[in-house]
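Asks: Take a look at protein19.txt, compact mmCIF, C-alpha atoms:
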```
# COMPACT_ATOMS: atom_id res chain seq x y z
CA MET A 264 362.40 -44.13 -62.68
CA LYS A 265 360.11 -44.30 -65.70
CA VAL A 266 356.64 -45.83 -65.76
CA ILE A 267 355.25 -47.25 -69.00
CA PHE A 268 351.75 -48.58 -69.64
CA TYR A 269 350.95 -50.75 -72.66
CA THR A 270 347.34 -50.37 -73.75
CA GLY A 271 345.17 -51.40 -76.67
CA LYS A 272 342.38 -53.64 -77.84
CA GLY A 273 342.36 -57.28 -76.73
CA GLY A 274 344.60 -59.53 -78.82
CA VAL A 275 346.64 -56.83 -80.61
CA GLY A 276 349.85 -57.95 -78.94
CA LYS A 277 350.21 -55.66 -75.91
CA SER A 278 351.84 -58.31 -73.78
CA THR A 279 354.28 -59.34 -76.50
CA MET A 280 355.25 -55.71 -77.21
CA ALA A 281 355.61 -54.99 -73.49
CA ALA A 282 357.74 -58.11 -73.03
CA ALA A 283 359.90 -57.27 -76.04
CA THR A 284 360.42 -53.69 -74.80
CA ALA A 285 361.28 -54.94 -71.31
CA PHE A 286 363.77 -57.39 -72.77
CA GLN A 287 365.42 -54.75 -74.98
CA LEU A 288 365.54 -52.21 -72.14
CA SER A 289 367.00 -54.72 -69.68
CA LYS A 290 370.24 -54.80 -71.66
CA ASN A 291 371.18 -51.44 -70.14
CA ASN A 292 368.63 -50.86 -67.36
CA ARG A 293 366.97 -52.55 -64.42
CA VAL A 294 363.43 -53.38 -65.54
CA LEU A 295 360.33 -54.76 -63.84
CA ILE A 296 357.44 -55.85 -66.03
CA THR A 297 354.07 -56.42 -64.35
CA SER A 298 351.01 -57.93 -65.99
CA LEU A 299 347.72 -56.48 -64.75
CA ASP A 300 345.59 -58.41 -67.22
CA PRO A 301 343.46 -61.02 -65.42
CA ALA A 302 344.08 -63.30 -68.42
CA HIS A 303 347.85 -63.40 -67.94
CA ASN A 304 350.25 -64.55 -70.60
CA LEU A 305 353.46 -62.89 -69.55
CA GLY A 306 354.66 -66.21 -68.14
CA ASP A 307 353.89 -67.92 -71.47
CA ILE A 308 355.87 -65.29 -73.37
CA PHE A 309 358.93 -65.76 -71.21
CA GLY A 310 358.35 -69.52 -70.85
CA VAL A 311 358.24 -69.45 -67.05
CA THR A 312 355.58 -69.95 -64.39
CA LEU A 313 354.91 -66.73 -62.53
CA LYS A 314 353.24 -66.16 -59.18
CA ASP A 315 351.92 -62.98 -57.57
CA LYS A 316 355.43 -61.94 -56.52
CA LYS A 317 358.42 -60.64 -58.47
CA THR A 318 360.46 -63.32 -60.23
CA LYS A 319 363.96 -62.77 -61.55
CA PHE A 320 364.26 -63.69 -65.22
CA ALA A 321 367.65 -62.20 -66.02
CA ASP A 322 370.12 -60.02 -64.10
CA ASN A 323 368.26 -56.85 -64.93
CA LEU A 324 364.83 -58.20 -65.76
CA PHE A 325 362.11 -59.06 -63.23
CA LEU A 326 358.62 -60.32 -64.03
CA SER A 327 355.35 -60.44 -62.12
CA GLU A 328 351.74 -61.35 -62.77
CA VAL A 329 349.24 -59.75 -60.42
CA ASP A 330 346.70 -62.10 -58.89
CA LEU A 331 343.71 -59.75 -58.80
CA GLN A 332 341.42 -62.04 -56.89
CA LYS A 333 344.01 -62.56 -54.21
CA ARG A 334 344.65 -58.79 -53.96
CA SER A 335 340.94 -57.98 -53.67
CA ARG A 336 340.51 -60.67 -51.06
CA GLU A 337 343.45 -59.36 -49.03
CA TYR A 338 342.19 -55.80 -49.20
CA LEU A 339 338.70 -56.73 -48.06
CA GLU A 340 340.00 -58.95 -45.30
CA ARG A 341 341.95 -55.95 -43.99
CA GLU A 342 338.82 -53.79 -44.06
CA VAL A 343 336.67 -56.43 -42.41
CA ASP A 344 339.35 -56.67 -39.74
CA VAL A 345 339.16 -52.91 -38.99
CA LEU A 346 335.38 -53.09 -39.00
CA THR A 347 335.38 -56.03 -36.63
CA ARG A 348 337.76 -54.26 -34.27
CA THR A 349 335.67 -51.07 -34.29
CA TYR A 350 332.49 -52.95 -33.56
CA SER A 351 334.15 -55.38 -31.21
CA TYR A 352 331.06 -55.60 -28.99
CA LEU A 353 329.42 -57.58 -31.79
CA HIS A 354 331.79 -60.41 -30.94
CA ALA A 355 329.71 -61.03 -27.86
CA LEU A 356 326.68 -61.66 -30.02
CA ASN A 357 328.73 -63.54 -32.62
CA LEU A 358 327.52 -61.15 -35.32
CA THR A 359 330.85 -60.15 -36.86
CA ASN A 360 330.55 -62.86 -39.51
CA TYR A 361 328.00 -60.72 -41.30
CA PHE A 362 330.72 -58.30 -42.38
CA ASN A 363 332.10 -61.05 -44.61
CA VAL A 364 329.48 -60.17 -47.19
CA LEU A 365 331.69 -57.18 -48.11
CA LYS A 366 333.86 -59.64 -50.02
CA TYR A 367 331.31 -59.48 -52.78
CA SER A 368 331.32 -55.68 -53.20
CA PRO A 369 331.41 -54.71 -56.88
CA GLY A 370 334.15 -52.40 -58.14
CA ILE A 371 336.72 -53.77 -55.73
CA GLU A 372 338.83 -55.34 -58.48
CA GLU A 373 339.58 -52.04 -60.20
CA TYR A 374 340.57 -50.69 -56.84
CA ALA A 375 342.82 -53.67 -56.21
CA LEU A 376 344.40 -53.06 -59.62
CA LEU A 377 345.03 -49.43 -58.81
CA THR A 378 346.41 -50.25 -55.38
CA CYS A 379 348.75 -52.69 -57.03
CA ILE A 380 350.08 -50.01 -59.42
CA GLU A 381 350.42 -47.58 -56.56
CA GLU A 382 352.31 -50.08 -54.39
CA THR A 383 354.63 -51.07 -57.24
CA ILE A 384 355.48 -47.42 -57.97
CA ARG A 385 356.04 -46.73 -54.27
CA ASN A 386 357.99 -49.87 -53.32
CA ASP A 387 359.92 -50.84 -56.45
CA ASN A 388 361.63 -47.51 -56.98
CA ASP A 389 365.06 -49.12 -57.39
CA PHE A 390 364.16 -50.01 -60.99
CA ASP A 391 364.92 -47.76 -63.97
CA TYR A 392 361.76 -48.84 -65.78
CA LEU A 393 358.43 -50.14 -64.52
CA ILE A 394 356.41 -51.61 -67.38
CA PHE A 395 352.72 -52.42 -66.92
CA ASP A 396 350.89 -54.65 -69.34
CA THR A 397 347.23 -53.62 -68.93
CA PRO A 398 343.92 -55.39 -69.54
CA PRO A 399 341.96 -54.49 -72.71
CA THR A 400 340.69 -50.92 -73.27
CA GLY A 401 337.47 -50.80 -71.23
CA LEU A 402 338.90 -51.94 -67.93
CA THR A 403 342.15 -50.02 -68.44
CA LEU A 404 340.34 -46.72 -68.96
CA ARG A 405 338.15 -47.43 -65.95
CA PHE A 406 340.99 -48.02 -63.56
CA LEU A 407 343.16 -45.25 -64.96
CA ALA A 408 340.22 -42.88 -64.41
CA LEU A 409 339.86 -44.08 -60.85
CA PRO A 410 342.41 -41.75 -59.20
CA ARG A 411 340.74 -38.68 -60.67
CA VAL A 412 337.21 -39.82 -59.93
CA THR A 413 338.25 -40.77 -56.44
CA ILE A 414 340.00 -37.47 -55.79
CA THR A 415 336.84 -35.59 -56.83
CA TRP A 416 334.77 -37.67 -54.42
CA ILE A 417 337.28 -37.33 -51.61
CA GLU A 418 337.44 -33.55 -52.03
CA ARG A 419 333.66 -33.26 -51.88
CA LEU A 420 333.41 -35.53 -48.86
CA MET A 421 336.19 -33.65 -47.09
CA GLN A 422 334.38 -30.38 -47.69
CA ILE A 423 331.16 -31.70 -46.13
CA ARG A 424 333.09 -33.29 -43.29
CA ARG A 425 334.80 -30.01 -42.47
CA GLN A 426 331.43 -28.26 -42.43
CA ILE A 427 330.08 -30.87 -40.02
CA LEU A 428 333.06 -30.43 -37.71
CA ASP A 429 332.71 -26.67 -37.92
CA LYS A 430 329.06 -26.85 -36.86
CA ARG A 431 329.90 -29.26 -34.04
CA HIS A 432 332.55 -26.83 -32.88
CA THR A 433 330.01 -24.00 -32.75
CA ILE A 434 327.57 -26.18 -30.83
CA GLN A 435 330.25 -27.16 -28.36
CA LYS A 436 331.27 -23.54 -27.82
CA VAL A 437 327.74 -22.36 -27.12
CA ARG A 438 326.76 -25.28 -24.92
CA GLY A 439 330.06 -25.32 -23.14
CA THR A 440 331.87 -28.33 -21.77
CA LEU A 441 329.65 -30.58 -19.75
CA LYS A 442 330.18 -31.19 -16.06
CA GLU A 443 330.99 -34.60 -14.73
CA GLY A 444 328.04 -36.94 -14.64
CA GLU A 445 326.13 -35.15 -17.34
CA ILE A 446 325.65 -37.23 -20.43
CA ASN A 447 325.10 -35.57 -23.73
CA PRO A 448 325.85 -37.53 -26.86
CA GLU A 449 326.52 -34.36 -28.88
CA ILE A 450 329.48 -33.37 -26.71
CA LYS A 451 331.22 -36.71 -27.13
CA LEU A 452 331.50 -36.13 -30.86
CA LYS A 453 334.76 -35.07 -32.38
CA TYR A 454 334.77 -31.48 -33.50
CA ASP A 455 338.47 -30.94 -34.05
CA GLU A 456 339.84 -31.84 -37.49
CA ARG A 457 342.76 -33.69 -35.94
CA ASP A 458 340.52 -35.99 -33.87
CA ASP A 459 338.04 -36.96 -36.53
CA ASP A 460 338.78 -40.47 -37.81
CA VAL A 461 336.69 -40.05 -40.94
CA LEU A 462 338.45 -36.86 -41.99
CA ASN A 463 341.86 -38.30 -41.18
CA ARG A 464 341.18 -41.36 -43.30
CA LEU A 465 339.94 -39.12 -46.13
CA LYS A 466 343.09 -37.01 -45.89
CA ALA A 467 345.33 -40.08 -46.06
CA LEU A 468 343.45 -41.40 -49.09
CA ASP A 469 343.61 -38.00 -50.75
CA GLU A 470 347.37 -37.82 -50.26
CA ASN A 471 347.80 -41.32 -51.78
CA TYR A 472 345.73 -40.59 -54.85
CA GLN A 473 347.17 -37.13 -55.43
CA SER A 474 350.67 -38.58 -55.48
CA LEU A 475 349.61 -41.41 -57.79
CA ASN A 476 347.95 -38.91 -60.09
CA ARG A 477 351.11 -36.79 -60.11
CA VAL A 478 353.13 -39.83 -61.21
CA LEU A 479 350.58 -40.83 -63.87
CA GLN A 480 350.39 -37.37 -65.39
CA GLY A 481 354.08 -36.57 -64.94
CA GLU A 482 357.03 -36.44 -67.33
CA ASP A 483 358.26 -39.91 -66.38
CA CYS A 484 355.04 -41.69 -67.26
CA SER A 485 354.28 -42.92 -70.80
CA VAL A 486 351.32 -44.66 -72.26
CA ILE A 487 351.98 -46.73 -75.37
CA LEU A 488 349.15 -47.70 -77.67
CA VAL A 489 349.42 -51.00 -79.54
CA PHE A 490 347.11 -51.66 -82.49
CA ASN A 491 346.75 -53.79 -85.61
CA PRO A 492 346.11 -52.62 -89.15
CA ASP A 493 342.36 -53.26 -89.12
CA LEU A 494 339.17 -51.27 -88.69
CA LEU A 495 338.17 -52.57 -85.26
CA ALA A 496 341.57 -51.89 -83.74
CA LEU A 497 341.50 -48.42 -85.32
CA ARG A 498 338.11 -47.55 -83.83
CA GLU A 499 338.99 -48.84 -80.39
CA SER A 500 342.34 -47.04 -80.48
CA GLU A 501 340.54 -43.80 -81.29
CA ARG A 502 338.33 -44.30 -78.25
CA LEU A 503 341.39 -45.01 -76.15
CA ILE A 504 343.15 -41.84 -77.39
CA GLU A 505 340.03 -39.85 -76.51
CA GLY A 506 339.84 -41.45 -73.06
CA LEU A 507 343.53 -40.81 -72.34
CA ARG A 508 343.14 -37.20 -73.43
CA ASP A 509 340.21 -36.75 -71.03
CA LEU A 510 342.25 -38.19 -68.21
CA GLY A 511 345.31 -36.09 -69.00
CA LEU A 512 347.52 -39.16 -69.43
CA PRO A 513 350.56 -38.83 -71.74
CA LEU A 514 350.39 -41.02 -74.86
CA ARG A 515 353.94 -41.13 -76.26
CA LEU A 516 354.21 -43.93 -78.83
CA LEU A 517 352.02 -45.86 -81.27
CA ILE A 518 352.97 -49.41 -82.19
CA ASP A 519 351.44 -50.89 -85.30
CA ASN A 520 351.76 -54.63 -84.73
CA LYS A 521 351.24 -57.64 -87.02
CA VAL A 522 352.04 -55.82 -90.28
CA THR A 523 352.55 -58.10 -93.31
CA LYS A 524 353.26 -57.47 -96.98
CA GLU A 525 349.54 -57.93 -97.73
CA ASN A 526 348.25 -55.36 -95.24
CA GLU A 527 351.05 -52.83 -95.60
CA ASP A 528 348.83 -50.25 -97.32
CA THR A 529 346.08 -50.58 -94.72
CA ALA A 530 348.72 -50.27 -92.00
CA GLY A 531 349.91 -46.97 -93.47
CA GLU A 532 346.36 -45.64 -93.66
CA VAL A 533 345.47 -46.69 -90.10
CA GLU A 534 348.68 -45.10 -88.79
CA LYS A 535 347.94 -41.85 -90.60
CA MET A 536 344.37 -41.76 -89.30
CA LEU A 537 345.48 -42.36 -85.73
CA VAL A 538 348.19 -39.68 -85.85
CA ARG A 539 345.65 -37.26 -87.30
CA TYR A 540 343.16 -38.22 -84.58
CA PHE A 541 345.79 -37.66 -81.91
CA GLY A 542 346.34 -34.19 -83.33
CA LYS A 543 350.02 -33.85 -82.39
CA ASP A 544 353.32 -35.33 -83.57
CA ILE A 545 353.82 -38.79 -82.17
CA PRO A 546 356.30 -41.50 -83.19
CA VAL A 547 354.88 -44.64 -84.82
CA LYS A 548 356.70 -47.99 -84.77
CA ARG A 549 355.82 -50.78 -87.14
CA VAL A 550 356.29 -54.41 -86.08
CA GLU A 551 356.08 -57.19 -88.64
CA LEU A 552 354.00 -60.26 -88.04
CA ALA A 553 356.26 -63.19 -87.26
CA ALA A 554 353.83 -65.93 -88.26
CA THR A 555 356.20 -68.84 -87.77
CA ILE A 556 357.80 -67.76 -84.51
CA ALA A 557 356.13 -70.47 -82.44
CA CYS A 558 357.59 -73.20 -84.66
CA GLN A 559 361.12 -71.82 -84.73
CA LEU A 560 363.13 -73.50 -82.05
CA GLY A 561 365.62 -71.37 -80.21
CA ARG A 562 363.76 -68.14 -80.85
CA CYS A 563 361.68 -66.59 -78.13
CA LEU A 564 358.49 -64.56 -78.35
CA TYR A 565 360.12 -61.58 -76.67
CA GLU A 566 362.96 -61.39 -79.16
CA ILE A 567 361.67 -58.98 -81.75
CA PRO A 568 364.07 -57.56 -84.34
CA GLU A 569 362.43 -54.11 -84.39
CA ASP A 570 363.88 -51.50 -82.04
CA LEU A 571 361.13 -50.55 -79.58
CA VAL A 572 363.14 -48.52 -77.11
CA SER A 573 364.72 -45.68 -79.04
CA ALA A 574 361.43 -43.77 -79.18
CA LEU A 575 360.85 -44.02 -75.41
CA MET B 306 313.52 -15.15 6.77
CA GLY B 307 315.69 -17.86 8.24
CA GLU B 308 319.17 -18.68 6.99
CA GLU B 309 317.96 -22.01 5.52
CA SER B 310 315.09 -20.54 3.51
CA LYS B 311 317.37 -17.75 2.24
CA LYS B 312 319.79 -20.39 0.91
CA SER B 313 317.00 -22.37 -0.65
CA PHE B 314 315.58 -19.23 -2.28
CA LEU B 315 318.97 -18.30 -3.76
CA LYS B 316 319.46 -21.84 -5.00
CA THR B 317 316.10 -21.83 -6.72
CA LEU B 318 316.81 -18.40 -8.20
CA ARG B 319 320.16 -19.62 -9.55
CA GLU B 320 318.53 -22.67 -11.05
CA ILE B 321 315.88 -20.53 -12.70
CA LEU B 322 318.51 -18.20 -14.16
CA GLU B 323 320.70 -21.10 -15.30
CA GLY B 324 317.70 -22.77 -16.89
CA PHE B 325 316.79 -19.52 -18.60
CA SER B 326 320.34 -19.05 -19.90
CA GLU B 327 320.49 -22.65 -21.09
CA GLY B 328 317.15 -22.24 -22.82
CA ARG B 329 318.42 -19.15 -24.62
CA ARG B 330 321.60 -20.92 -25.66
CA GLU B 331 319.68 -23.97 -26.87
CA SER B 332 317.38 -21.80 -28.95
CA VAL B 333 320.38 -20.06 -30.50
CA ILE B 334 322.06 -23.29 -31.58
CA ALA B 335 318.95 -25.33 -32.38
CA LEU B 336 319.27 -24.46 -36.04
CA THR B 337 323.00 -25.20 -36.06
CA CYS B 338 322.32 -28.61 -34.47
CA LYS B 339 319.77 -29.32 -37.14
CA GLU B 340 322.17 -28.22 -39.88
CA ALA B 341 324.94 -30.40 -38.46
CA GLN B 342 322.62 -33.38 -38.34
CA GLU B 343 321.41 -32.78 -41.88
CA LEU B 344 325.01 -32.50 -43.10
CA GLU B 345 325.82 -35.79 -41.41
CA ASN B 346 322.78 -37.22 -43.11
CA ILE B 347 323.96 -35.94 -46.51
CA PHE B 348 327.46 -37.24 -45.87
CA SER B 349 326.23 -40.74 -45.15
CA LEU B 350 323.72 -40.67 -47.98
CA LEU B 351 326.49 -39.74 -50.43
CA LEU B 352 328.73 -42.45 -49.12
CA LEU B 353 326.24 -45.23 -48.46
CA GLY B 354 323.53 -44.19 -50.92
CA ALA B 355 324.10 -47.36 -52.94
CA PHE B 356 322.04 -49.17 -50.32
CA VAL B 357 318.97 -47.16 -51.28
CA GLY B 358 319.67 -46.99 -55.00
CA PHE B 359 321.59 -43.72 -55.30
CA PRO B 360 324.59 -43.40 -57.61
CA ALA B 361 327.47 -44.49 -55.45
CA PRO B 362 331.02 -43.27 -55.04
CA PRO B 363 333.78 -45.78 -55.81
CA THR B 364 332.71 -48.69 -53.62
CA PHE B 365 336.01 -48.95 -51.82
CA LEU B 366 335.66 -45.39 -50.53
CA ALA B 367 332.50 -46.44 -48.70
CA VAL B 368 334.24 -49.58 -47.49
CA GLU B 369 337.27 -47.57 -46.30
CA LEU B 370 335.17 -45.18 -44.22
CA LEU B 371 332.55 -47.62 -43.03
CA PRO B 372 334.35 -48.49 -39.80
CA PHE B 373 334.12 -44.88 -38.60
CA MET B 374 330.58 -44.15 -39.69
CA GLU B 375 328.51 -45.50 -36.82
CA ARG B 376 326.97 -42.18 -35.84
CA GLU B 377 326.23 -41.18 -39.43
CA MET B 378 324.40 -44.43 -39.96
CA ARG B 379 322.39 -43.78 -36.83
CA VAL B 380 321.45 -40.30 -38.08
CA LEU B 381 320.50 -41.81 -41.42
CA HIS B 382 318.31 -44.33 -39.66
CA TYR B 383 316.71 -41.62 -37.54
CA ARG B 384 316.00 -39.55 -40.64
CA ALA B 385 314.42 -42.53 -42.33
CA GLU B 386 312.16 -43.01 -39.31
CA THR B 387 311.10 -39.38 -38.99
CA SER B 388 310.94 -38.55 -42.66
CA GLY B 389 307.15 -38.97 -42.60
CA ASP B 390 306.79 -35.67 -40.80
CA MET B 391 309.62 -33.64 -42.25
CA LEU B 392 307.53 -30.54 -42.90
CA ALA B 393 306.43 -30.35 -39.27
CA GLU B 394 310.01 -30.84 -38.14
CA LEU B 395 311.24 -28.09 -40.43
CA CYS B 396 308.51 -25.71 -39.21
CA GLY B 397 309.45 -26.53 -35.63
CA THR B 398 313.11 -25.80 -36.28
CA LEU B 399 312.41 -22.52 -38.01
CA GLY B 400 309.92 -21.48 -35.34
CA ILE B 401 306.84 -21.38 -37.57
CA ASP B 402 303.60 -22.10 -35.67
```
Output the structure of this file as structure tokens.
Replies:
Amino acid sequence: MKVIFYTGKGGVGKSTMAAATAFQLSKNNRVLITSLDPAHNLGDIFGVTLKDKKTKFADNLFLSEVDLQKRSREYLEREVDVLTRTYSYLHALNLTNYFNVLKYSPGIEEYALLTCIEETIRNDNDFDYLIFDTPPTGLTLRFLALPRVTITWIERLMQIRRQILDKRHTIQKVRGTLKEGEINPEIKLKYDERDDDVLNRLKALDENYQSLNRVLQGEDCSVILVFNPDLLALRESERLIEGLRDLGLPLRLLIDNKVTKENEDTAGEVEKMLVRYFGKDIPVKRVELAATIACQLGRCLYEIPEDLVSAL
Amino acid sequence: MGEESKKSFLKTLREILEGFSEGRRESVIALTCKEAQELENIFSLLLLGAFVGFPAPPTFLAVELLPFMEREMRVLHYRAETSGDMLAELCGTLGID
């Protein structure tokens, strides 16, 4: 199974390129294309209405648009549920409602996005290709950085947690086990790694993120950068290349979209500059601007004459 | 000495010795207890520091672990209450008069 991310500045044509690639690939492979952009237009491209779940478009082609708000809400509801169960005595005082404020925690959307990618990779492994259409640069880099940032945090927290348990263990050994009737809050604490809920949760999270990171940095993952022949797209693409390099994510193809006869020279220059900036050999595909496509009946937005799959 | 008073004497002696031993053990681990508590304090500060304006970890990490953090929050609260006299507490722990 291969995982492909389409990235780039807003409005360069990521969704269209992703849709066209998915359509071309689906002739010989089973493909799932998922839009992670909160401003979805995958449904518009394929001319269908999409919901948060997978929808079959053709025999080998499935589409989905992720409802981020719904995902964040579901995630937080789950957490509030655990919290409410742990502090069940608060029910008596009718205070559990106060946990609802967690719904407004910042940063949850990126997490929901990441969870969504993780779940898709884990559950939809019967597809040959998973294609993700991502939100514009800033958000994409933030959520792609999340596994690594999170792993660093988890490792640090696990280290401190282990030290705490180690100290508790020492205390327990010196003080000895208490006799019946004696109450000492220290002794009731968990000192064994296997019993500590916090450490166990951290371990589970660590395992999840490590495996996601392995997929993202592995051979079967590709990031494709879409840009237009103009200065702003060039600058933002450079930032994206830099960001991907920092994160160790594999950029494998550049797509220069919306090229016309008038901007052909600029297109060539921008391509050259980006390849030079990338520093290694990388294939570049050029896609011509089809200005009249919306008016031509019988032709769909995802039908692009250029071959987008041979370089994958 | 009657049988009763002999028993009572031995009981008192045992209690004294046990108390002595416990005192010794407590003094040995006092520092470790303090360290453990401080580590718990650091752990919760790192995780929940956003509440007091510290740079925070990814929010969801705090949210994920929050259900299991009751004791850590209590330690944090205790530290906030006693932080006015931290020097005295530190001197006490290290045995400086």
Asks: Residues near Phe373 of chain B, anyone? I mean within 12 Å using all atoms listed in the file, not counting same-chain ones fewer than 3 positions away, as number ranges by chain.
Replies: A: 342, 345-350, 452-453, 458-465; B: 349, 367-370, 376-379
Asks: Please return, as a count of residues only, all residues of chain A lying within 10 Å of chain B when all atoms listed in the file are considered.
Replies: 55
Asks: Just to confirm, what's the straight-line distance from atom CA of Gly354 of chain B to atom CA of Leu376 of chain A in Å (one decimal)?
Replies: 24.3 Å
Asks: Quick check, in Å to one decimal: how far apart do atom CA of Gly306 of chain A and atom CA of Lys548 of chain A lie?
Replies: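 We find that atom CA of Gly306 of chain A and atom CA of Lys548 of chain A lie 24.8 Å from each other.
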Asks: Using atom CA of Leu331 of chain A and atom CA of Glu505 of chain A as the two end points, give the distance in Å to one decimal.
Replies: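 Computing it gives 26.9 Å between the two atoms.
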